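Colleague: Starting off with a structure, shown below.
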Number of protein chains: 2
Amino acid sequence: MARAATTADAFNAVAEPRRRQILDVLAGGERAVNDLVGVLGLAQPQVSKHLRVLREVGAVDVRDEGRQRLYRLNGQALKPIHDWVKDYERTWAERFDQLDAVLEDLKRKEQDA
Amino acid sequence: MARAATTADAFNAVAEPRRRQILDVLAGGERAVNDLVGVLGLAQPQVSKHLRVLREVGAVDVRDEGRQRLYRLNGQALKPIHDWVKDYERTWAERFDQLDAVLEDLKRKEQDA
DNA sequence: TTGACATATTCCTATATGGGTATACGATTC
DNA sequence: GAATCGTATACCCATATAGGAATATGTCAA
């Protein structure tokens with residue numbers, strides 16, 4: 001079997017750096033395809049193809065405006081990624097250990113009261 | 001050009017569901033390869049291959065223990081993913097709008113004082 | 001209608017899988 | 001040293017790219 005399709009889910013769609021870049025640009029607001037071509041320095045067909053992938057996983061929405069197509073971010077599609085990775089935050093953030101300590105402290109005081 | 005190698009970075013490594021599953025299991029503590037084989041229901045070579053990818057992006061560390069090899073999580077490698085995706089959290093979390101409102105309020109009160 | 005502009009799709013190619021199976025390698029036990 | 005256990009690697013195959021180039025599609029202007 002080959003690798004999973006990039007359109008299979010947000011994880012695969014976002015594994016490509018160019019697509020993350022596109023989302024980063026769209027985070028600043030709606031953009032036409034040509035704008036993205038200019039910003040990314042990619043050929044137009046490639047940009048359209050990346051946008052298609054992002055569309056298929058729901059990470060972007062499109063709107064027709066004359067002969068342009070305006071794309072905009074739909075961050076909701078990235079929530080599964082955030083949900084998955086946030087549980088690992090404690091493995092590198094010492095703050096969490098400190099937070100744990102504080103919570104322990106509060107719990108103790110509550111019992112004493 | 002083909003798709004980027006899964007060993008190129010954490011984003012690509014984690015795009016494969018099985019590998020996320022492996023990390024999830026390792027989050028519970030160090031495990032031998034055979035343990036993972038049992039939990040995941042995959043053939044041993046496949047598990048070894050996935051572990052190799054995770055090793056190459058630094059998401060897991062290995063330790064020899066007799067004839068076993070014990071793998072353990074190294075969440076630090078996932079930090080870039082978290083750092084990237086967390087900026088999008090505001091696009092789906094209404095809480096942030098509310099937080100913004102609170103901050104605005106505080107700022108205003110501070111000026112009045 | 002004709003032409004220019006904006007975008008999407010098609011075709012081609014090199015490459016990197018991910019799973020299945022067989023096998024090599026290293027450590028342990030007999 | 002031989003048999004065995006635990007893992008890693010090699011090899012094969014079907015599949016899905018991602019980029020490049022050419023072209024199709026759709027819209028607006030003259």
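Residues in the structure tokens are named by chain (A, B, ... in the order shown) and by number from 1 within that chain; ligands are numbered from 1 in the order shown.
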Just fit chain A onto chain B on all the Cα atoms, in order, by least squares, and give it as a compact mmCIF listing (two decimals) with C-alpha atoms, in the first residue's frame.
Modeller:
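Output (result39.txt):
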# COMPACT_ATOMS: atom_id res chain seq x y z
CA MET A 1 9.26 15.72 -7.45
CA ALA A 2 7.63 13.29 -5.07
CA ARG A 3 6.13 14.00 -1.71
CA ALA A 4 8.46 15.03 1.10
CA ALA A 5 10.03 12.20 3.05
CA THR A 6 8.23 11.18 6.22
CA THR A 7 11.52 11.64 7.97
CA ALA A 8 11.75 15.21 6.79
CA ASP A 9 10.06 16.60 9.88
CA ALA A 10 7.58 15.89 12.63
CA PHE A 11 4.63 17.02 10.52
CA ASN A 12 5.27 14.30 7.97
CA ALA A 13 6.13 11.66 10.55
CA VAL A 14 2.89 12.26 12.38
CA ALA A 15 0.70 12.29 9.29
CA GLU A 16 0.55 8.51 9.55
CA PRO A 17 -2.16 7.39 12.00
CA ARG A 18 -0.21 4.34 13.16
CA ARG A 19 2.66 6.52 14.21
CA ARG A 20 0.38 8.79 16.20
CA GLN A 21 -0.98 5.68 17.82
CA ILE A 22 2.52 4.57 18.73
CA LEU A 23 3.23 7.91 20.33
CA ASP A 24 -0.03 7.74 22.23
CA VAL A 25 0.97 4.38 23.66
CA LEU A 26 4.45 5.57 24.53
CA ALA A 27 2.92 8.53 26.32
CA GLY A 28 1.97 5.95 28.94
CA GLY A 29 5.57 4.94 29.45
CA GLU A 30 8.49 3.07 27.95
CA ARG A 31 7.63 0.02 25.83
CA ALA A 32 9.41 -2.80 24.06
CA VAL A 33 8.76 -3.33 20.36
CA ASN A 34 6.79 -6.49 20.96
CA ASP A 35 4.49 -4.71 23.36
CA LEU A 36 3.69 -2.25 20.63
CA VAL A 37 3.16 -5.08 18.17
CA GLY A 38 0.58 -6.51 20.53
CA VAL A 39 -1.20 -3.25 21.18
CA LEU A 40 -1.27 -2.08 17.57
CA GLY A 41 -2.02 -5.41 15.94
CA LEU A 42 0.58 -4.74 13.28
CA ALA A 43 3.35 -7.03 12.04
CA GLN A 44 6.66 -6.61 13.82
CA PRO A 45 8.64 -5.32 10.82
CA GLN A 46 6.07 -2.61 10.21
CA VAL A 47 6.28 -1.46 13.80
CA SER A 48 10.07 -1.36 13.61
CA LYS A 49 9.82 0.71 10.47
CA HIS A 50 7.44 3.20 12.02
CA LEU A 51 9.67 3.44 15.05
CA ARG A 52 12.58 4.21 12.81
CA VAL A 53 10.76 7.12 11.27
CA LEU A 54 9.83 8.42 14.69
CA ARG A 55 13.44 8.04 15.76
CA GLU A 56 14.69 9.98 12.77
CA VAL A 57 12.57 12.99 13.61
CA GLY A 58 13.49 12.70 17.25
CA ALA A 59 10.02 11.86 18.52
CA VAL A 60 11.24 8.76 20.34
CA ASP A 61 14.42 7.61 22.05
CA VAL A 62 15.67 4.05 22.42
CA ARG A 63 17.40 2.17 25.17
CA ASP A 64 18.80 -1.34 25.07
CA GLU A 65 17.66 -3.71 27.74
CA GLY A 66 18.94 -7.22 27.21
CA ARG A 67 17.56 -8.41 23.94
CA GLN A 68 14.77 -5.92 24.01
CA ARG A 69 14.79 -2.36 22.84
CA LEU A 70 12.75 -0.01 24.95
CA TYR A 71 11.31 3.02 23.24
CA ARG A 72 10.16 6.12 25.01
CA LEU A 73 8.45 9.30 23.97
CA ASN A 74 10.29 12.52 23.33
CA GLY A 75 7.44 14.99 23.05
CA GLN A 76 9.77 17.89 22.42
CA ALA A 77 9.86 16.92 18.76
CA LEU A 78 6.17 17.70 18.53
CA LYS A 79 6.53 21.24 19.77
CA PRO A 80 6.80 22.74 16.26
CA ILE A 81 3.44 21.23 15.43
CA HIS A 82 1.86 22.64 18.53
CA ASP A 83 3.45 26.01 17.96
CA TRP A 84 2.09 26.16 14.46
CA VAL A 85 -1.42 24.96 15.09
CA LYS A 86 -2.08 26.83 18.32
CA ASP A 87 -2.30 30.13 16.45
CA TYR A 88 -5.38 28.78 14.69
CA GLU A 89 -7.13 27.90 17.91
CA ARG A 90 -8.83 31.28 17.98
CA THR A 91 -10.62 30.46 14.75
CA TRP A 92 -12.75 27.85 16.44
CA ALA A 93 -12.61 28.71 20.13
CA GLU A 94 -15.12 31.36 21.05
CA ARG A 95 -13.51 31.51 24.43
CA PHE A 96 -10.82 33.61 22.83
CA ASP A 97 -13.32 36.25 21.83
CA GLN A 98 -14.48 36.36 25.41
CA LEU A 99 -10.91 36.55 26.62
CA ASP A 100 -10.32 39.44 24.26
CA ALA A 101 -13.31 41.19 25.74
CA VAL A 102 -12.01 40.71 29.25
CA LEU A 103 -8.60 42.02 28.32
CA GLU A 104 -10.16 45.05 26.70
CA ASP A 105 -12.07 45.65 29.87
CA LEU A 106 -8.98 45.43 32.02
CA LYS A 107 -7.15 47.80 29.77
CA ARG A 108 -9.94 50.31 30.02
CA LYS A 109 -10.05 50.15 33.79
CA GLU A 110 -6.32 50.59 33.96
CA GLN A 111 -6.56 53.77 31.94
CA ASP A 112 -9.31 55.11 34.14
CA ALA A 113 -7.23 54.50 37.25
Colleague: What's the 10 Å shell around DC25 (chain C), counting only C-alpha atoms (C1' of nucleotides), without same-chain residues fewer than 6 positions away, as a PDB file with C-alpha atoms (C1' of nucleotides), in the first residue's frame?
Modeller:
ATOM      1  C1'  DT D   7      14.349  -6.615  16.318  1.00  0.00           C
ATOM      2  C1'  DA D   8      15.885  -4.576  12.196  1.00  0.00           C
ATOM      3  C1'  DT D   9      16.545  -4.706   7.364  1.00  0.00           C
TER       4       DT D   9
END
Colleague: So which bits of chain A end up strand (DSSP E or B) when you DSSP the backbone, as an MDAnalysis selection string?
Modeller: chainID A and resid 31:32 60:65 68:73
Colleague: Next, write the just-selected residues to a file, as a CSV table (one decimal), in the first residue's frame, keeping C-alpha atoms as the atom set.
Modeller:
chain,number,residue,atom,x,y,z
A,31,ARG,CA,-6.9,36.2,-0.9
A,32,ALA,CA,-7.2,35.5,-4.6
A,60,VAL,CA,-10.2,26.6,3.3
A,61,ASP,CA,-13.4,27.9,1.7
A,62,VAL,CA,-13.9,29.6,-1.7
A,63,ARG,CA,-16.0,32.4,-2.9
A,64,ASP,CA,-16.4,33.6,-6.5
A,65,GLU,CA,-15.7,37.3,-7.1
A,68,GLN,CA,-11.2,35.7,-9.3
A,69,ARG,CA,-11.7,33.1,-6.7
A,70,LEU,CA,-11.2,34.3,-3.1
A,71,TYR,CA,-10.0,31.7,-0.6
A,72,ARG,CA,-10.3,32.1,3.1
A,73,LEU,CA,-9.2,30.1,6.1
Colleague: For chain C versus chain B, which residues have an atom no more than 7 Å away, and what is each residue's nearest atom pair and distance in Å rounded to one decimal, using only C-alpha atoms (C1' of nucleotides), chain-then-number order, as JSON lines?
Modeller:
{"residue": "C:DA14", "atom": "C1'", "partner": "B:Met1", "partner_atom": "CA", "distance": 5.8}
{"residue": "C:DT15", "atom": "C1'", "partner": "B:Ala2", "partner_atom": "CA", "distance": 4.6}
{"residue": "C:DA16", "atom": "C1'", "partner": "B:Ala5", "partner_atom": "CA", "distance": 6.3}
{"residue": "C:DA27", "atom": "C1'", "partner": "B:Arg67", "partner_atom": "CA", "distance": 5.1}
